[in-house]
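S.K.: Before I ask anything, here is the structure I am working with.
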Amino acid sequence: MAPRGSHRFRVIWGNPFSDATQEIVVAFDVDEALVRAHERRPDLPRPRAVFLVGEVD
């Protein structure tokens, strides 16, 4: 089931357990979170790992 409304997502490039680059983005779903993170960090390859971290207050 997809989350409703805006949520915070942690988007990670690289190994999430060491030397990872990460961004917290607000988005409606995982696909939008990936796009927003890539827009913030165009110098990095497209991210693939996304974790839901909470609702937007």
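By convention here, the chains of the structure tokens are called A, B, ... in the order presented, each chain's residues are numbered starting at 1, and ligands are numbered starting at 1 in the order presented.
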Run DSSP on the backbone of this structure and report the residues of range 1-55 of chain A it assigns to strand (DSSP E), as a PDB file with N, CA, C and O atoms, in the first residue's frame.
M.R.:
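Wrote part03.pdb, looks like this:
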```pdb
ATOM      1  N   HIS A   7       5.553  12.448   2.585  1.00  0.00           N
ATOM      2  CA  HIS A   7       6.348  11.737   3.582  1.00  0.00           C
ATOM      3  C   HIS A   7       7.816  12.091   3.407  1.00  0.00           C
ATOM      4  O   HIS A   7       8.227  12.568   2.361  1.00  0.00           O
ATOM      5  N   ARG A   8       8.591  11.806   4.442  1.00  0.00           N
ATOM      6  CA  ARG A   8      10.041  11.976   4.357  1.00  0.00           C
ATOM      7  C   ARG A   8      10.651  10.633   3.957  1.00  0.00           C
ATOM      8  O   ARG A   8      10.298   9.599   4.525  1.00  0.00           O
ATOM      9  N   PHE A   9      11.546  10.699   2.999  1.00  0.00           N
ATOM     10  CA  PHE A   9      12.262   9.515   2.536  1.00  0.00           C
ATOM     11  C   PHE A   9      13.760   9.763   2.651  1.00  0.00           C
ATOM     12  O   PHE A   9      14.227  10.860   2.381  1.00  0.00           O
ATOM     13  N   ARG A  10      14.490   8.746   3.050  1.00  0.00           N
ATOM     14  CA  ARG A  10      15.960   8.785   3.054  1.00  0.00           C
ATOM     15  C   ARG A  10      16.406   8.075   1.786  1.00  0.00           C
ATOM     16  O   ARG A  10      16.104   6.900   1.587  1.00  0.00           O
ATOM     17  N   VAL A  11      17.113   8.803   0.928  1.00  0.00           N
ATOM     18  CA  VAL A  11      17.611   8.254  -0.327  1.00  0.00           C
ATOM     19  C   VAL A  11      19.119   8.087  -0.171  1.00  0.00           C
ATOM     20  O   VAL A  11      19.811   9.006   0.267  1.00  0.00           O
ATOM     21  N   ILE A  12      19.609   6.908  -0.529  1.00  0.00           N
ATOM     22  CA  ILE A  12      21.014   6.573  -0.285  1.00  0.00           C
ATOM     23  C   ILE A  12      21.714   6.159  -1.574  1.00  0.00           C
ATOM     24  O   ILE A  12      21.180   5.392  -2.367  1.00  0.00           O
ATOM     25  N   TRP A  13      22.921   6.681  -1.749  1.00  0.00           N
ATOM     26  CA  TRP A  13      23.820   6.267  -2.824  1.00  0.00           C
ATOM     27  C   TRP A  13      24.945   5.492  -2.161  1.00  0.00           C
ATOM     28  O   TRP A  13      25.492   5.911  -1.147  1.00  0.00           O
ATOM     29  N   THR A  21      26.354   8.294   0.763  1.00  0.00           N
ATOM     30  CA  THR A  21      25.855   9.645   0.617  1.00  0.00           C
ATOM     31  C   THR A  21      24.344   9.539   0.724  1.00  0.00           C
ATOM     32  O   THR A  21      23.739   8.624   0.169  1.00  0.00           O
ATOM     33  N   GLN A  22      23.735  10.455   1.454  1.00  0.00           N
ATOM     34  CA  GLN A  22      22.294  10.368   1.626  1.00  0.00           C
ATOM     35  C   GLN A  22      21.645  11.733   1.616  1.00  0.00           C
ATOM     36  O   GLN A  22      22.277  12.727   1.908  1.00  0.00           O
ATOM     37  N   GLU A  23      20.383  11.757   1.270  1.00  0.00           N
ATOM     38  CA  GLU A  23      19.555  12.958   1.274  1.00  0.00           C
ATOM     39  C   GLU A  23      18.213  12.585   1.882  1.00  0.00           C
ATOM     40  O   GLU A  23      17.698  11.493   1.642  1.00  0.00           O
ATOM     41  N   ILE A  24      17.653  13.492   2.646  1.00  0.00           N
ATOM     42  CA  ILE A  24      16.279  13.350   3.122  1.00  0.00           C
ATOM     43  C   ILE A  24      15.430  14.237   2.226  1.00  0.00           C
ATOM     44  O   ILE A  24      15.714  15.429   2.074  1.00  0.00           O
ATOM     45  N   VAL A  25      14.411  13.658   1.608  1.00  0.00           N
ATOM     46  CA  VAL A  25      13.540  14.417   0.713  1.00  0.00           C
ATOM     47  C   VAL A  25      12.088  14.219   1.121  1.00  0.00           C
ATOM     48  O   VAL A  25      11.724  13.209   1.720  1.00  0.00           O
ATOM     49  N   VAL A  26      11.265  15.201   0.798  1.00  0.00           N
ATOM     50  CA  VAL A  26       9.825  15.108   1.014  1.00  0.00           C
ATOM     51  C   VAL A  26       9.193  14.805  -0.330  1.00  0.00           C
ATOM     52  O   VAL A  26       9.455  15.491  -1.317  1.00  0.00           O
ATOM     53  N   ALA A  27       8.383  13.750  -0.356  1.00  0.00           N
ATOM     54  CA  ALA A  27       7.763  13.320  -1.609  1.00  0.00           C
ATOM     55  C   ALA A  27       6.486  12.547  -1.287  1.00  0.00           C
ATOM     56  O   ALA A  27       6.239  12.166  -0.148  1.00  0.00           O
ATOM     57  N   ALA A  49      18.339   3.197  -3.610  1.00  0.00           N
ATOM     58  CA  ALA A  49      17.862   2.795  -2.282  1.00  0.00           C
ATOM     59  C   ALA A  49      17.069   3.921  -1.629  1.00  0.00           C
ATOM     60  O   ALA A  49      17.537   5.046  -1.536  1.00  0.00           O
ATOM     61  N   VAL A  50      15.851   3.581  -1.197  1.00  0.00           N
ATOM     62  CA  VAL A  50      14.956   4.576  -0.584  1.00  0.00           C
ATOM     63  C   VAL A  50      14.298   3.935   0.632  1.00  0.00           C
ATOM     64  O   VAL A  50      13.849   2.790   0.576  1.00  0.00           O
ATOM     65  N   PHE A  51      14.248   4.691   1.725  1.00  0.00           N
ATOM     66  CA  PHE A  51      13.602   4.221   2.943  1.00  0.00           C
ATOM     67  C   PHE A  51      12.612   5.278   3.416  1.00  0.00           C
ATOM     68  O   PHE A  51      12.955   6.463   3.491  1.00  0.00           O
ATOM     69  N   LEU A  52      11.422   4.867   3.761  1.00  0.00           N
ATOM     70  CA  LEU A  52      10.427   5.758   4.335  1.00  0.00           C
ATOM     71  C   LEU A  52      10.822   6.030   5.779  1.00  0.00           C
ATOM     72  O   LEU A  52      11.027   5.096   6.544  1.00  0.00           O
ATOM     73  N   VAL A  53      10.955   7.313   6.153  1.00  0.00           N
ATOM     74  CA  VAL A  53      11.379   7.633   7.511  1.00  0.00           C
ATOM     75  C   VAL A  53      10.317   8.340   8.324  1.00  0.00           C
ATOM     76  O   VAL A  53      10.466   8.452   9.538  1.00  0.00           O
ATOM     77  N   GLY A  54       9.260   8.839   7.718  1.00  0.00           N
ATOM     78  CA  GLY A  54       8.201   9.439   8.524  1.00  0.00           C
ATOM     79  C   GLY A  54       7.280  10.344   7.730  1.00  0.00           C
ATOM     80  O   GLY A  54       7.526  10.664   6.565  1.00  0.00           O
ATOM     81  N   GLU A  55       6.226  10.766   8.409  1.00  0.00           N
ATOM     82  CA  GLU A  55       5.274  11.679   7.797  1.00  0.00           C
ATOM     83  C   GLU A  55       5.779  13.111   7.920  1.00  0.00           C
ATOM     84  O   GLU A  55       6.560  13.425   8.800  1.00  0.00           O
TER      85      GLU A  55
END
```
S.K.: Name all residues at most 9 Å from Arg46 in chain A (count only C-alpha atoms; drop same-chain ones fewer than 5 positions away) and give them as a list of chain:residue names.
M.R.: A:Trp13, A:Leu34, A:Val35, A:Ala37, A:His38, A:Arg41
S.K.: Emit the selected residues as a PDB file, in the first residue's frame, including N, CA, C and O atoms.
M.R.:
```
ATOM      1  N   TRP A  13      22.921   6.681  -1.749  1.00  0.00           N
ATOM      2  CA  TRP A  13      23.820   6.267  -2.824  1.00  0.00           C
ATOM      3  C   TRP A  13      24.945   5.492  -2.161  1.00  0.00           C
ATOM      4  O   TRP A  13      25.492   5.911  -1.147  1.00  0.00           O
ATOM      5  N   LEU A  34      13.038   9.443  -5.464  1.00  0.00           N
ATOM      6  CA  LEU A  34      14.238   9.188  -6.277  1.00  0.00           C
ATOM      7  C   LEU A  34      14.523  10.350  -7.223  1.00  0.00           C
ATOM      8  O   LEU A  34      15.674  10.771  -7.376  1.00  0.00           O
ATOM      9  N   VAL A  35      13.494  10.884  -7.838  1.00  0.00           N
ATOM     10  CA  VAL A  35      13.663  12.009  -8.768  1.00  0.00           C
ATOM     11  C   VAL A  35      14.158  13.238  -8.022  1.00  0.00           C
ATOM     12  O   VAL A  35      15.103  13.909  -8.455  1.00  0.00           O
ATOM     13  N   ALA A  37      15.766  13.454  -5.169  1.00  0.00           N
ATOM     14  CA  ALA A  37      17.136  13.268  -4.697  1.00  0.00           C
ATOM     15  C   ALA A  37      18.130  13.422  -5.839  1.00  0.00           C
ATOM     16  O   ALA A  37      19.175  14.051  -5.682  1.00  0.00           O
ATOM     17  N   HIS A  38      17.800  12.868  -6.998  1.00  0.00           N
ATOM     18  CA  HIS A  38      18.697  12.995  -8.153  1.00  0.00           C
ATOM     19  C   HIS A  38      18.812  14.459  -8.590  1.00  0.00           C
ATOM     20  O   HIS A  38      19.893  14.900  -8.981  1.00  0.00           O
ATOM     21  N   ARG A  41      21.304  16.062  -6.307  1.00  0.00           N
ATOM     22  CA  ARG A  41      22.680  15.562  -6.465  1.00  0.00           C
ATOM     23  C   ARG A  41      22.907  15.025  -7.872  1.00  0.00           C
ATOM     24  O   ARG A  41      23.132  13.835  -8.071  1.00  0.00           O
TER      25      ARG A  41
END
```
S.K.: What does the distance from CA of Glu32 in chain A to CA of Phe17 in chain A come to in Å, to one decimal?
M.R.: 23.8 Å
S.K.: Mind pulling up the distance from CA of Ala20 in chain A to CA of Leu44 in chain A?
M.R.: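 Distance between the two atoms: 11.7 Å.
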S.K.: Rounded to one decimal in Å, what is the spacing between CA of Ala33 in chain A and CA of Arg48 in chain A?
M.R.: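 Distance reported for this atom pair: 10.3 Å.
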